[in-house]
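Trainee: Can you read through this structure? Questions will come right after.
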Protein chains: 2
Amino acid sequence: MRVSELSQRSGVSIASIKYYLREGLLVGGAQTATNQAVYSEHHVRRLRLIRSLIDIGGLSISHVRATLAAVEDDSTSIHDAFGAVMHGLDQLPDEDEPVEVKTAYGEVQTWLADRDWNIEPNAPAPHRLAELVATLRRFDFPIMLTDFDAAADTVERTAKAQVEYARAMPDRTAAVETMLLGTVILERALAEIRRLALEAASFRIDRDK
Amino acid sequence: MRVSELSQRSGVSIASIKYYLREGLLVGGAQTATNQAVYSEHHVRRLRLIRSLIDIGGLSISHVRATLAAVEDDSTSIHDAFGAVMHGLDQLPDEDEPVEVKTAYGEVQTWLADRDWNIEPNAPAPHRLAELVATLRRFDFPIMLTDFDAAADTVERTAKAQVEYARAMPDRTAAVETMLLGTVILERALAEIRRLALEAASFRIDRDK
């Protein structure tokens, strides 16, 4: 299909499609003899994914680019591709971390080992979690990593289901796309559920007084 | 203290302080006879809160403004102030929702009623959750609201603890600030834990093959 039909099918404007092509979020269509690009179902699906990640998941263009790079790279194992998706969602700290973040990072590593969660040494998430714990402590929240145990037990079960669901996809591209979308959208859903739980909890405290 | 000391104490540049004053995120200091503004400990704490919400929590300036407006408004009950904080983190849909989002919204309302979670009719979170569910379904994820039951049970317990902790603060400003910071930082922490759980789950599947 031509770019006009691609725009219609995906619901994304031609200007946005050209922007995503320039930014490397979308690979170009096949060139025809008349020097026009022809697009496939793959492009329709990819555009819907990009829009969902940006509009619904709240991801930035650079995060979408970093995570989609993992989808394209066929040379890695599926586990490494899933890892690259996770790592693309965060950034490694670009400078020396303050001492209280380093302390929290050590606690995160111990906690991960206790849970038998095997995480790549270059994963940004343990650094980000350490930074969040240090922030809470700076505001006098008395937080320990073990306070997250119950939540971690719950997400451990749903994570297994999500990974198995993604790995059962018919091809590698669909598997990695499914993993990315599921991760971003489900963590947003969990955040919304948490906000609802907080409002409900506050209501109950007043009611039961 | 003068603005130079406020900058030093909070670690926020004078240019950023002036920007936050213009944007209404920070109330001005008291004017002295020499027509200089004098700032208090309240400003130091507020600046640290603003920076944590933006840098660590990833909030936009407009979301920070919307939620902090709830902190300043003394005329509402503490429950309404907490609600305003939650509602400031999201936006109500500004146009008619697609039919599949409306369907999901009905399911969200039923699910909330089943859980006995009392939510204000003007809360954006049920709309956002419906949108996320509809997005997952558009990509053929077979998701039902009851799939979130286990996660909701867990966050229900931690939400109660967070609300009680915030309400025990010595004054109203501290209570609402604590609620806001706890909500934003803890939901980011939960998202990072979920990403770690996904990487760990993928590793286990390969190992146990």
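In the structure tokens, each chain is lettered A, B, ... as it comes, each chain's residues begin at 1, and ligands are numbered from 1 in order of appearance.
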List the neighbours of B:Ser60 out to 12 Å using only C-alpha atoms; skip same-chain residues closer than 3 positions along the sequence, and give me the result as an MDAnalysis selection string.
Mentor: (chainID A and resid 58) or (chainID B and resid 25 50:57 63:67 88:90 184)
Trainee: Quick one: residues within 10 Å of B:Thr146, only C-alpha atoms, excluding same-chain residues fewer than 6 positions away - as a PyMOL selection string?
Mentor: chain B and resi 107-108+111+152
Trainee: Using only C-alpha atoms, which residues of chain B come within 7 Å of chain A, and what is the closest atom pair for each, with the distance in Å to one decimal? Give it as JSON lines, sorted by chain and residue number.
Mentor:
{"residue": "B:Ile56", "atom": "CA", "partner": "A:Leu132", "partner_atom": "CA", "distance": 6.9}
{"residue": "B:His79", "atom": "CA", "partner": "A:Ser202", "partner_atom": "CA", "distance": 6.1}
{"residue": "B:Gly83", "atom": "CA", "partner": "A:Glu199", "partner_atom": "CA", "distance": 6.0}
{"residue": "B:Met86", "atom": "CA", "partner": "A:Arg195", "partner_atom": "CA", "distance": 6.2}
{"residue": "B:Trp117", "atom": "CA", "partner": "A:Ala200", "partner_atom": "CA", "distance": 4.9}
{"residue": "B:Asn118", "atom": "CA", "partner": "A:Ala200", "partner_atom": "CA", "distance": 5.1}
{"residue": "B:Ile119", "atom": "CA", "partner": "A:Ala200", "partner_atom": "CA", "distance": 6.2}
{"residue": "B:Ala125", "atom": "CA", "partner": "A:Glu192", "partner_atom": "CA", "distance": 5.7}
{"residue": "B:Leu129", "atom": "CA", "partner": "A:Ala189", "partner_atom": "CA", "distance": 5.7}
{"residue": "B:Leu132", "atom": "CA", "partner": "A:Ile185", "partner_atom": "CA", "distance": 6.2}
{"residue": "B:Ala150", "atom": "CA", "partner": "A:Thr154", "partner_atom": "CA", "distance": 6.8}
{"residue": "B:Ala151", "atom": "CA", "partner": "A:Thr154", "partner_atom": "CA", "distance": 6.2}
{"residue": "B:Ala152", "atom": "CA", "partner": "A:Ile193", "partner_atom": "CA", "distance": 6.7}
{"residue": "B:Thr154", "atom": "CA", "partner": "A:Ala151", "partner_atom": "CA", "distance": 6.2}
{"residue": "B:Val155", "atom": "CA", "partner": "A:Arg194", "partner_atom": "CA", "distance": 5.9}
{"residue": "B:Glu156", "atom": "CA", "partner": "A:Ala197", "partner_atom": "CA", "distance": 5.4}
{"residue": "B:Ala159", "atom": "CA", "partner": "A:Leu198", "partner_atom": "CA", "distance": 5.0}
{"residue": "B:Lys160", "atom": "CA", "partner": "A:Ala201", "partner_atom": "CA", "distance": 5.3}
{"residue": "B:Val163", "atom": "CA", "partner": "A:Ser202", "partner_atom": "CA", "distance": 6.2}
{"residue": "B:Ile185", "atom": "CA", "partner": "A:Leu132", "partner_atom": "CA", "distance": 6.2}
{"residue": "B:Glu187", "atom": "CA", "partner": "A:Ala191", "partner_atom": "CA", "distance": 5.5}
{"residue": "B:Ala189", "atom": "CA", "partner": "A:Leu129", "partner_atom": "CA", "distance": 5.7}
{"residue": "B:Ala191", "atom": "CA", "partner": "A:Glu187", "partner_atom": "CA", "distance": 5.5}
{"residue": "B:Glu192", "atom": "CA", "partner": "A:Ala125", "partner_atom": "CA", "distance": 5.7}
{"residue": "B:Ile193", "atom": "CA", "partner": "A:Ala152", "partner_atom": "CA", "distance": 6.7}
{"residue": "B:Arg194", "atom": "CA", "partner": "A:Val155", "partner_atom": "CA", "distance": 5.9}
{"residue": "B:Arg195", "atom": "CA", "partner": "A:Met86", "partner_atom": "CA", "distance": 6.2}
{"residue": "B:Leu196", "atom": "CA", "partner": "A:Ala125", "partner_atom": "CA", "distance": 6.7}
{"residue": "B:Ala197", "atom": "CA", "partner": "A:Glu156", "partner_atom": "CA", "distance": 5.4}
{"residue": "B:Leu198", "atom": "CA", "partner": "A:Ala159", "partner_atom": "CA", "distance": 5.0}
{"residue": "B:Glu199", "atom": "CA", "partner": "A:Gly83", "partner_atom": "CA", "distance": 6.0}
{"residue": "B:Ala200", "atom": "CA", "partner": "A:Trp117", "partner_atom": "CA", "distance": 4.9}
{"residue": "B:Ala201", "atom": "CA", "partner": "A:Lys160", "partner_atom": "CA", "distance": 5.3}
{"residue": "B:Ser202", "atom": "CA", "partner": "A:His79", "partner_atom": "CA", "distance": 6.1}
{"residue": "B:Phe203", "atom": "CA", "partner": "A:His79", "partner_atom": "CA", "distance": 6.7}
Trainee: Got time to write the residues from that selection, N, CA and C atoms, as a compact mmCIF listing (two decimals), in the first residue's frame?
Mentor:
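Result file is part.txt:
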# COMPACT_ATOMS: atom_id res chain seq x y z
N ILE B 56 12.75 12.62 39.33
CA ILE B 56 12.68 11.20 39.69
C ILE B 56 11.34 10.61 39.28
N HIS B 79 -9.60 14.50 52.82
CA HIS B 79 -9.93 13.48 51.82
C HIS B 79 -10.07 14.11 50.43
N GLY B 83 -7.87 13.46 47.13
CA GLY B 83 -8.52 13.18 45.85
C GLY B 83 -8.02 14.11 44.76
N MET B 86 -4.67 13.00 43.50
CA MET B 86 -4.81 11.85 42.58
C MET B 86 -5.33 12.33 41.23
N TRP B 117 -14.71 -0.03 46.28
CA TRP B 117 -13.78 1.11 46.20
C TRP B 117 -14.60 2.34 45.81
N ASN B 118 -14.69 3.29 46.73
CA ASN B 118 -15.51 4.47 46.49
C ASN B 118 -14.68 5.56 45.79
N ILE B 119 -15.03 5.85 44.54
CA ILE B 119 -14.25 6.80 43.73
C ILE B 119 -15.17 7.93 43.26
N ALA B 125 -8.92 8.52 36.79
CA ALA B 125 -8.27 7.20 36.78
C ALA B 125 -9.14 6.09 36.17
N LEU B 129 -7.81 3.88 33.07
CA LEU B 129 -7.71 2.42 33.17
C LEU B 129 -8.49 1.76 32.03
N LEU B 132 -6.53 1.96 28.87
CA LEU B 132 -5.42 1.00 28.86
C LEU B 132 -5.93 -0.41 28.55
N ALA B 150 -5.63 -9.86 41.98
CA ALA B 150 -4.54 -10.16 42.91
C ALA B 150 -3.69 -8.91 43.15
N ALA B 151 -3.38 -8.19 42.06
CA ALA B 151 -2.59 -6.96 42.19
C ALA B 151 -3.36 -5.93 43.03
N ALA B 152 -4.67 -5.84 42.81
CA ALA B 152 -5.49 -4.87 43.54
C ALA B 152 -5.54 -5.20 45.03
N THR B 154 -3.17 -6.60 46.74
CA THR B 154 -1.88 -6.19 47.31
C THR B 154 -1.80 -4.68 47.48
N VAL B 155 -2.15 -3.93 46.43
CA VAL B 155 -2.04 -2.46 46.55
C VAL B 155 -3.05 -1.91 47.55
N GLU B 156 -4.16 -2.61 47.74
CA GLU B 156 -5.15 -2.16 48.72
C GLU B 156 -4.53 -2.08 50.12
N ALA B 159 -1.85 0.72 50.14
CA ALA B 159 -2.50 2.02 50.02
C ALA B 159 -3.01 2.49 51.38
N LYS B 160 -3.59 1.57 52.14
CA LYS B 160 -4.10 1.90 53.47
C LYS B 160 -2.94 2.41 54.34
N VAL B 163 -1.88 5.97 53.21
CA VAL B 163 -2.82 7.02 53.59
C VAL B 163 -2.72 7.31 55.10
N ILE B 185 6.30 8.42 43.64
CA ILE B 185 7.56 7.66 43.74
C ILE B 185 7.27 6.16 43.90
N GLU B 187 4.67 4.45 42.85
CA GLU B 187 4.18 3.80 41.63
C GLU B 187 5.31 3.62 40.61
N ALA B 189 8.40 3.03 41.58
CA ALA B 189 9.15 1.90 42.15
C ALA B 189 8.49 0.57 41.75
N ALA B 191 6.68 0.00 39.13
CA ALA B 191 6.92 -0.23 37.70
C ALA B 191 8.32 -0.82 37.49
N GLU B 192 9.32 -0.30 38.22
CA GLU B 192 10.69 -0.83 38.09
C GLU B 192 10.75 -2.28 38.58
N ILE B 193 10.05 -2.56 39.69
CA ILE B 193 10.03 -3.93 40.22
C ILE B 193 9.39 -4.87 39.20
N ARG B 194 8.36 -4.38 38.52
CA ARG B 194 7.71 -5.19 37.49
C ARG B 194 8.67 -5.49 36.33
N ARG B 195 9.46 -4.49 35.93
CA ARG B 195 10.42 -4.71 34.85
C ARG B 195 11.47 -5.74 35.27
N LEU B 196 11.90 -5.65 36.53
CA LEU B 196 12.86 -6.62 37.05
C LEU B 196 12.25 -8.02 37.07
N ALA B 197 11.00 -8.11 37.50
CA ALA B 197 10.32 -9.41 37.56
C ALA B 197 10.19 -10.02 36.16
N LEU B 198 9.95 -9.18 35.15
CA LEU B 198 9.83 -9.67 33.78
C LEU B 198 11.16 -10.22 33.28
N GLU B 199 12.24 -9.49 33.54
CA GLU B 199 13.56 -9.97 33.11
C GLU B 199 13.89 -11.28 33.82
N ALA B 200 13.60 -11.34 35.12
CA ALA B 200 13.87 -12.55 35.90
C ALA B 200 13.03 -13.73 35.39
N ALA B 201 11.77 -13.46 35.06
CA ALA B 201 10.88 -14.53 34.57
C ALA B 201 11.38 -15.08 33.24
N SER B 202 11.82 -14.19 32.35
CA SER B 202 12.34 -14.62 31.06
C SER B 202 13.60 -15.48 31.24
N PHE B 203 14.47 -15.08 32.16
CA PHE B 203 15.69 -15.84 32.45
C PHE B 203 15.35 -17.25 32.94
Trainee: Identify, with DSSP run on backbone atoms, the residues in stretch 24-187 of chain A assigned to strand (DSSP E), and express the list as a list of chain:residue names.
Mentor: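 Assigned to strand (DSSP E), within stretch 24-187 of chain A: A:Ala30, A:Gln31, A:Ala37, A:Val38.
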Trainee: So that I can see what lies close to A:Ser7, please list as a ChimeraX atom specification the residues with an atom at most 12 Å from it, counting only C-alpha atoms and leaving out residues fewer than 2 positions away in the same chain.
Mentor: /A:1-5,9-18,39-41,43-45,47-48
Trainee: Apply DSSP to the structure's backbone, then extract all residues of stretch 78-186 of chain A labelled helix (DSSP H, G or I) and return them as a ChimeraX atom specification.
Mentor: /A:78-88,99-115,125-138,145-167,172-186
Trainee: What does the file look like for those residues with C-alpha atoms, as a PDB file, in the first residue's frame?
Mentor:
ATOM      1  CA  ILE A  78      14.843 -13.825  22.547  1.00  0.00           C
ATOM      2  CA  HIS A  79      15.810 -13.413  26.231  1.00  0.00           C
ATOM      3  CA  ASP A  80      18.405 -10.771  25.284  1.00  0.00           C
ATOM      4  CA  ALA A  81      15.826  -9.018  23.096  1.00  0.00           C
ATOM      5  CA  PHE A  82      13.351  -8.939  26.016  1.00  0.00           C
ATOM      6  CA  GLY A  83      16.184  -7.605  28.208  1.00  0.00           C
ATOM      7  CA  ALA A  84      16.979  -4.898  25.648  1.00  0.00           C
ATOM      8  CA  VAL A  85      13.303  -3.859  25.665  1.00  0.00           C
ATOM      9  CA  MET A  86      13.343  -3.541  29.480  1.00  0.00           C
ATOM     10  CA  HIS A  87      16.665  -1.691  29.458  1.00  0.00           C
ATOM     11  CA  GLY A  88      15.528   0.681  26.704  1.00  0.00           C
ATOM     12  CA  VAL A  99      26.305   8.034  48.376  1.00  0.00           C
ATOM     13  CA  GLU A 100      22.734   7.389  49.598  1.00  0.00           C
ATOM     14  CA  VAL A 101      21.766   6.050  46.152  1.00  0.00           C
ATOM     15  CA  LYS A 102      24.848   3.781  46.166  1.00  0.00           C
ATOM     16  CA  THR A 103      23.820   2.466  49.586  1.00  0.00           C
ATOM     17  CA  ALA A 104      20.299   1.765  48.325  1.00  0.00           C
ATOM     18  CA  TYR A 105      21.752   0.123  45.196  1.00  0.00           C
ATOM     19  CA  GLY A 106      23.644  -2.351  47.382  1.00  0.00           C
ATOM     20  CA  GLU A 107      20.379  -3.163  49.190  1.00  0.00           C
ATOM     21  CA  VAL A 108      18.606  -3.652  45.833  1.00  0.00           C
ATOM     22  CA  GLN A 109      21.305  -6.130  44.749  1.00  0.00           C
ATOM     23  CA  THR A 110      20.947  -8.113  47.984  1.00  0.00           C
ATOM     24  CA  TRP A 111      17.172  -8.100  47.658  1.00  0.00           C
ATOM     25  CA  LEU A 112      17.337  -9.336  44.051  1.00  0.00           C
ATOM     26  CA  ALA A 113      19.730 -12.133  45.075  1.00  0.00           C
ATOM     27  CA  ASP A 114      17.416 -13.129  47.952  1.00  0.00           C
ATOM     28  CA  ARG A 115      14.532 -13.344  45.491  1.00  0.00           C
ATOM     29  CA  ALA A 125      16.175  -0.776  36.659  1.00  0.00           C
ATOM     30  CA  PRO A 126      18.168  -1.604  39.857  1.00  0.00           C
ATOM     31  CA  HIS A 127      19.760   1.879  39.692  1.00  0.00           C
ATOM     32  CA  ARG A 128      16.386   3.521  39.158  1.00  0.00           C
ATOM     33  CA  LEU A 129      14.833   1.568  42.028  1.00  0.00           C
ATOM     34  CA  ALA A 130      17.758   2.586  44.279  1.00  0.00           C
ATOM     35  CA  GLU A 131      17.233   6.226  43.307  1.00  0.00           C
ATOM     36  CA  LEU A 132      13.509   5.999  44.159  1.00  0.00           C
ATOM     37  CA  VAL A 133      14.234   4.389  47.543  1.00  0.00           C
ATOM     38  CA  ALA A 134      16.838   7.106  48.297  1.00  0.00           C
ATOM     39  CA  THR A 135      14.298   9.805  47.341  1.00  0.00           C
ATOM     40  CA  LEU A 136      11.685   8.389  49.717  1.00  0.00           C
ATOM     41  CA  ARG A 137      14.261   8.296  52.515  1.00  0.00           C
ATOM     42  CA  ARG A 138      15.303  11.909  51.843  1.00  0.00           C
ATOM     43  CA  LEU A 145      13.423  -3.137  50.200  1.00  0.00           C
ATOM     44  CA  THR A 146      11.591  -5.918  52.038  1.00  0.00           C
ATOM     45  CA  ASP A 147       8.552  -3.598  52.199  1.00  0.00           C
ATOM     46  CA  PHE A 148       8.158  -4.452  48.499  1.00  0.00           C
ATOM     47  CA  ASP A 149       8.078  -8.237  49.100  1.00  0.00           C
ATOM     48  CA  ALA A 150       4.299  -8.681  48.875  1.00  0.00           C
ATOM     49  CA  ALA A 151       4.080  -6.543  45.717  1.00  0.00           C
ATOM     50  CA  ALA A 152       7.042  -8.427  44.211  1.00  0.00           C
ATOM     51  CA  ASP A 153       5.372 -11.790  44.931  1.00  0.00           C
ATOM     52  CA  THR A 154       2.273 -10.644  43.032  1.00  0.00           C
ATOM     53  CA  VAL A 155       4.116  -9.187  40.018  1.00  0.00           C
ATOM     54  CA  GLU A 156       6.328 -12.284  39.870  1.00  0.00           C
ATOM     55  CA  ARG A 157       3.257 -14.393  39.062  1.00  0.00           C
ATOM     56  CA  THR A 158       1.825 -11.993  36.454  1.00  0.00           C
ATOM     57  CA  ALA A 159       5.301 -11.455  34.922  1.00  0.00           C
ATOM     58  CA  LYS A 160       5.648 -15.184  34.273  1.00  0.00           C
ATOM     59  CA  ALA A 161       2.244 -15.227  32.543  1.00  0.00           C
ATOM     60  CA  GLN A 162       3.163 -12.183  30.425  1.00  0.00           C
ATOM     61  CA  VAL A 163       6.522 -13.631  29.301  1.00  0.00           C
ATOM     62  CA  GLU A 164       4.930 -16.984  28.410  1.00  0.00           C
ATOM     63  CA  TYR A 165       2.171 -15.220  26.466  1.00  0.00           C
ATOM     64  CA  ALA A 166       4.713 -13.115  24.507  1.00  0.00           C
ATOM     65  CA  ARG A 167       6.983 -16.105  23.789  1.00  0.00           C
ATOM     66  CA  ARG A 172      10.078 -13.053  16.922  1.00  0.00           C
ATOM     67  CA  THR A 173       8.891  -9.562  15.953  1.00  0.00           C
ATOM     68  CA  ALA A 174       5.404 -10.230  17.350  1.00  0.00           C
ATOM     69  CA  ALA A 175       6.947 -11.679  20.533  1.00  0.00           C
ATOM     70  CA  VAL A 176       9.104  -8.624  21.232  1.00  0.00           C
ATOM     71  CA  GLU A 177       6.355  -6.160  20.258  1.00  0.00           C
ATOM     72  CA  THR A 178       3.945  -7.987  22.582  1.00  0.00           C
ATOM     73  CA  MET A 179       6.480  -7.890  25.412  1.00  0.00           C
ATOM     74  CA  LEU A 180       7.039  -4.151  24.956  1.00  0.00           C
ATOM     75  CA  LEU A 181       3.363  -3.225  24.734  1.00  0.00           C
ATOM     76  CA  GLY A 182       2.396  -5.481  27.640  1.00  0.00           C
ATOM     77  CA  THR A 183       5.127  -4.032  29.842  1.00  0.00           C
ATOM     78  CA  VAL A 184       4.359  -0.370  29.203  1.00  0.00           C
ATOM     79  CA  ILE A 185       0.558  -0.613  29.243  1.00  0.00           C
ATOM     80  CA  LEU A 186       0.277  -3.022  32.198  1.00  0.00           C
TER      81      LEU A 186
END
Trainee: Would you compute the distance between atom CA of B:Ala168 and atom CA of B:Ala69? Give it in Å to one decimal.
Mentor: 21.1 Å
Trainee: Using atom CA of B:Gln36 and atom CA of B:Gly24 as the two end points, give the distance in Å to one decimal.
Mentor: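 These two atoms are separated by 18.7 Å.
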